[in-house]
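Presented below is the structure to which this report refers.
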Amino acid sequence: MKKEDFDPKYDFKKIEKKWQKKWENAKIFEVKEEGKKKKFYVLEMFPYASGEGLHIGHTLNYTIGDIYARFKRMQGFSVLHPIGYDSFGLPAENAAIKIGEHPKKYTEKAILNYEKQLKSLGFSYDWRRKLSTHNKEYYKWNQFFFLKFLEKDLVYKKHSSVNWCPKCKTVLANEQVHNGKCEYHEGTEVEMKLLEQWFIKTTAYADELLDFVDDLNWPSKIKAMQKNWIGKSHGIDIDFEIKGEKWPVFTTRPDTIYGVTFMVISAQHSKLKEIVTKEQKKEVDKFLKKLKSVSEKELGDLEKEGVFTGSYSVNPINGEKIPVYAGNFVLADYGSGMVMAVPAHDQRDFEFAEKYNVPIKVVIEPKDFEIYERNGKLPRAYTGEGFLVNSGEFDGLESKKAIEKITKYFEKKKQGRKTIQYKLRDWLVSRQRYWGAPIPIVYCDKCGIVPVPEKDLPITLPMNIKFGKGNPLATNKKFLETKCPICKGKAKRETDTMDTFFDSSWYFLRYFDSKNNKKAFDKKKVKYWMPVDQYIGGAEHATMHLIYARFFIKALRDLGYVEFDEPFPNLFNQGMLHAKDGRKMSKSLGNVINPLEFIEKYSADSLRLSLMSFASPDSDTCWDEKVIVGSFKFLEKVYRHFMNFKSEKGDGIIEHKLNKTIKEVKEDIEKFKYNLAIIKIRELFSYLEEGVSKKDAETFLIMLHPFCPHVTEELWQKLGNKSFISLQKWPIADEKKINERFEKQEQELRKLIEDINKIAKLLKKKSKKDFVYTLPNEKQIYQKNSGEIKKRTGIDVEVYAVNDKDKYDPENKSKKVKPGRPGIYIE
RNA sequence: GCGGAGAUGCCGGAGUGGUCAAACGGGGCGCGCUCAAGACGCGUUAGCUUAGUGCUUACCUAGGUUCGAAUCCUAGUCUCCGCACCA
């Protein structure tokens, strides 16, 4: 056997490559289902395969996960820690349009790049299980599940509006719309267009999705966001009559019904045309044409605009005739897409009424203050509670009470129904794009909408396509033209592809079986590994991905594919790492940090350690190169120490410190307080430097290992170990050896040194020697530490007990002695 | 607009009723090592005061609860984040 050469210099490049290779060759991170060990599934949200490569946010995310995975593995769990790529999506398509590169090529290049980068960080993945969602072996199962959902009545088609660029002749994502203009054609206003699109009935599970939130061990802010997203509210549907037809309108404030002075129907409402009168058609069309994209983000600063439809409605409570407007601030998908507007008591309605000179009628007045200005005008809507006025028989009622009474009134007259409304909308999965999983549907003139039979899956994306004129699938004859599975006649394929959130809603199940071409996954394996024991990712997924995935699992459960309710019972959110200037890192600001650069310069271990040292992993922080320099210096110091390591016998303080650290580090890691764990490990090291046994030194390395896996493997081997430190047992604290007395002594010593330094400074002359007078039972401790005292004060020291007869004490300072606080005399 | 999070010393950040002038890291300053610099080691880093003491002012602002508040409550200011076709 060849003896290993150990470089006295910390040559991290060599070390890191060496261990990455050894881990790979020994397959130590590959796991399978087995009975002996308890399983533990650590999962980080998989990356979107962008051409930009791994950024620092990914690095942070995956480092947090890897530390946890390594920690759990050392605790004796069978840890599944997989990685894959979310590889369908818009950016690949943009690249195709901008630089003419095929999305597949672009994506696969990106994946190769990611893989190299991930490996250079030393993550302990089971690489055999990797997956990419753009592979047909993967998206075949997307199509399969889509069909299953269709069978279960969880899929339907409906008209919905999209952003349309008349120059591109294509649908634009919200992101591609800038100030209402197309990102490719600056002078072109984006229009709204109604298209028939595929929806998934996520609302069928609204209640369950909401109820289960409480049981999840998730950050409370994410739970709050989910609850708000689902947005259950109690209210009433009130029937308003327009053109002889009943229009139910949802409101949570029936108490303001007498204050309704107009109605607003969403400009995107599919039945808007039915309301518009001949006289107003031109006006309405003009308005619709200039309507901009309506993402809810912009809804806030959107100028509220509308146009009279020509129709009137009747207020069912008092028979008043009220005008109906079409407006840009009403959501078509929420409630019935129409609102009763009460300008006196809703700010949006108020702004609209002021702008279009619609009357404002106050029907709620608070008891203890005046809502009007001196001139009798209402400065803004009053949205609080109060007492009803101008409300007929309900006058004087308190608003809460009035809600009850008026609801009852309508129910009795059969003009209204108590309802529960969710903000959660059904999931629009249609995308008019190429780079996604084709929706497995065929349109036949005779048979109508026909699902593709399972045996014909996957419907593969054609590779030979042209970009530039709308969705390339729609212009690709080979793809488009097909036979009807039923009548075998001519038919056309659906050209919409699936939202990439469909891909990411079940990828965590595919890892168990990523090569299985008979099934999406093996039910037994799912049963073994699921649920994910620890999910880790950014808060940007608080709602969408995490709602869709939760929905997906519930739907799969009811289809009999899985047997659990929630995929991610435990979730951790990492914070955002901002650039040094405190702003978000972005290419356009030029403040992006490339992790590879720092791996090159300071090592992957230093980068990992520094990322965890900035702050608690869940808080937002700013990047600063100084931190990684500090981490690097620490590792250098550790490396040097172990290169010259000699085993020595440790004392009680070391035992105490070691066991206390073991105990606290475990707790800190479990709570993801990695920053605190690192502080304690670093502190422990300063004790080790004074000499410890080999075993204690090894324990230190084991605790440092999850953070800095490469250098700890190297030093572990240097100490003469043949096995991997990656597979060592996590130490267990011996609580009996933890003795807080040592901690107190430590503090007292520090205080003494501080005092000596303080006095020495006050003396304003060079001190020659100091004399320390202690209680008799403390003398030994201070005597033992006299070397330390000298080192840290720079002055020779002599320790006496107060009762020593021959002590030198010219100023009688020994009378100042207190327990834990010796007297001091300096000359 | 709706919803969420946060504000701590020169900086980054721990701390969430007393043990707090507040961990740890960075920076500054001083000292040691050295021919010298870097590296390294040690000390120090709110103010006044004092041979190691005592006092004052301090954890966004203003009130409040309490014997006691960085920590709990109320109001306000500011910052950041999410909002459904980016993923």
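Letters A, B, ... mark the chains of the structure tokens in the order given; residue numbers begin at 1 per chain; ligand numbers begin at 1, in order shown.
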
Residues near region 150-155 of chain A, anyone? I mean within 8 Å using only C-alpha atoms (C1' of nucleotides), not counting same-chain ones fewer than 4 positions away, as a tab-separated table (two decimals) with C-alpha atoms, in the first residue's frame.
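Wrote it out as around38.tsv, contents follow:
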chain	number	residue	atom	x	y	z
A	146	PHE	CA	-53.08	14.95	-17.17
A	198	TRP	CA	-57.07	24.08	-20.16
A	199	PHE	CA	-57.67	24.40	-16.46
A	200	ILE	CA	-57.11	22.08	-13.54
A	201	LYS	CA	-59.63	22.16	-10.77
A	202	THR	CA	-57.41	23.01	-7.87
A	204	ALA	CA	-61.89	21.14	-5.73
A	559	LEU	CA	-56.60	8.39	-7.80

From region 81-269 of chain A, collect each residue whose DSSP state is strand (DSSP E or B) and return the set as a PyMOL selection string.
chain A and resi 85-86+132+155-165+170-172+177-178+181-182+189+191-200+217+232-242+245-251+262-266

I'd like the neighbourhood of A5 (chain B) as a PyMOL selection string, where a residue qualifies if any of its atoms comes within 9 Å (using only C-alpha atoms (C1' of nucleotides)), though same-chain residues fewer than 2 positions away should be ignored.
(chain A and resi 221) or (chain B and resi 80-81)

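Interface residues on chain B toward chain A (cut-off 7 Å, only C-alpha atoms (C1' of nucleotides)): G1, G3, G4, G13, C24, G26, C42, G43, A51, G52, G82, C83, C85, C86 and A87 of chain B.
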
For C40 (chain B), find every residue with an atom within 12 Å (counting only C-alpha atoms (C1' of nucleotides)), except residues of its own chain fewer than 3 positions away, and show them as a ChimeraX atom specification.
/A:633,637 /B:32-34

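Residues in contact with A69 (chain B) at up to 10 Å, not including ones fewer than 3 positions away on its chain and judged by only C-alpha atoms (C1' of nucleotides), are G17, G18, U65, U66 and C72 of chain B.
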
Store the residues picked out above in a file with N, CA, C and O atoms (P, O5', C5', C4', C3', O3' and C1' of nucleotides), as a JSON list (two decimals), in the first residue's frame.
[["chain", "number", "residue", "atom", "x", "y", "z"],
["B", 17, "G", "P", -38.41, 35.23, 26.44],
["B", 17, "G", "O5'", -38.48, 36.59, 27.26],
["B", 17, "G", "C5'", -38.26, 36.52, 28.61],
["B", 17, "G", "C4'", -37.78, 37.87, 29.04],
["B", 17, "G", "C3'", -37.06, 37.79, 30.37],
["B", 17, "G", "O3'", -35.84, 38.49, 30.32],
["B", 17, "G", "C1'", -38.75, 39.44, 30.38],
["B", 18, "G", "P", -34.62, 37.48, 30.91],
["B", 18, "G", "O5'", -34.05, 38.40, 32.07],
["B", 18, "G", "C5'", -33.46, 39.67, 31.73],
["B", 18, "G", "C4'", -33.03, 40.38, 32.99],
["B", 18, "G", "C3'", -31.82, 39.79, 33.70],
["B", 18, "G", "O3'", -30.98, 40.87, 34.05],
["B", 18, "G", "C1'", -33.65, 39.97, 35.19],
["B", 65, "U", "P", -48.59, 51.96, 32.48],
["B", 65, "U", "O5'", -48.52, 50.39, 32.22],
["B", 65, "U", "C5'", -49.71, 49.61, 32.08],
["B", 65, "U", "C4'", -49.35, 48.16, 31.94],
["B", 65, "U", "C3'", -48.45, 47.61, 33.03],
["B", 65, "U", "O3'", -49.20, 47.25, 34.18],
["B", 65, "U", "C1'", -47.60, 46.94, 30.93],
["B", 66, "U", "P", -48.72, 47.73, 35.60],
["B", 66, "U", "O5'", -47.39, 46.87, 35.81],
["B", 66, "U", "C5'", -47.46, 45.44, 35.87],
["B", 66, "U", "C4'", -46.06, 44.89, 35.88],
["B", 66, "U", "C3'", -45.14, 45.49, 36.93],
["B", 66, "U", "O3'", -45.37, 44.90, 38.20],
["B", 66, "U", "C1'", -44.01, 45.36, 34.85],
["B", 72, "C", "P", -41.03, 40.60, 22.04],
["B", 72, "C", "O5'", -42.17, 40.80, 23.13],
["B", 72, "C", "C5'", -42.89, 39.69, 23.65],
["B", 72, "C", "C4'", -44.05, 40.20, 24.48],
["B", 72, "C", "C3'", -44.89, 41.29, 23.80],
["B", 72, "C", "O3'", -45.84, 40.73, 22.93],
["B", 72, "C", "C1'", -44.38, 41.94, 26.01]]

Every residue of region 453-601 of chain A that DSSP places in helix (DSSP H, G or I), as an MDAnalysis selection string
chainID A and resid 454:456 472:475 477:480 500:503 507:513 523:529 539:541 544:558 595:601

Counting only C-alpha atoms, which residues of region 298-338 of chain A fall within 6 Å of region 259-276 of chain A, and what is the closest atom pair for each with its distance in Å at one decimal, ordered by chain and rising number, as JSON lines?
{"residue": "A:Thr309", "atom": "CA", "partner": "A:Val276", "partner_atom": "CA", "distance": 4.6}
{"residue": "A:Gly310", "atom": "CA", "partner": "A:Val276", "partner_atom": "CA", "distance": 5.9}
{"residue": "A:Ile322", "atom": "CA", "partner": "A:Phe262", "partner_atom": "CA", "distance": 5.1}
{"residue": "A:Pro323", "atom": "CA", "partner": "A:Phe262", "partner_atom": "CA", "distance": 5.1}
{"residue": "A:Val324", "atom": "CA", "partner": "A:Met263", "partner_atom": "CA", "distance": 4.6}
{"residue": "A:Tyr325", "atom": "CA", "partner": "A:Val264", "partner_atom": "CA", "distance": 4.7}
{"residue": "A:Ala326", "atom": "CA", "partner": "A:Ile265", "partner_atom": "CA", "distance": 4.8}
{"residue": "A:Gly327", "atom": "CA", "partner": "A:Ala267", "partner_atom": "CA", "distance": 5.3}
{"residue": "A:Asn328", "atom": "CA", "partner": "A:Ala267", "partner_atom": "CA", "distance": 5.6}
{"residue": "A:Val330", "atom": "CA", "partner": "A:Ser266", "partner_atom": "CA", "distance": 4.7}
{"residue": "A:Leu331", "atom": "CA", "partner": "A:Ser266", "partner_atom": "CA", "distance": 5.8}
{"residue": "A:Ala332", "atom": "CA", "partner": "A:Ser266", "partner_atom": "CA", "distance": 5.2}
{"residue": "A:Gly337", "atom": "CA", "partner": "A:Ser266", "partner_atom": "CA", "distance": 5.5}
{"residue": "A:Met338", "atom": "CA", "partner": "A:Ile265", "partner_atom": "CA", "distance": 4.2}
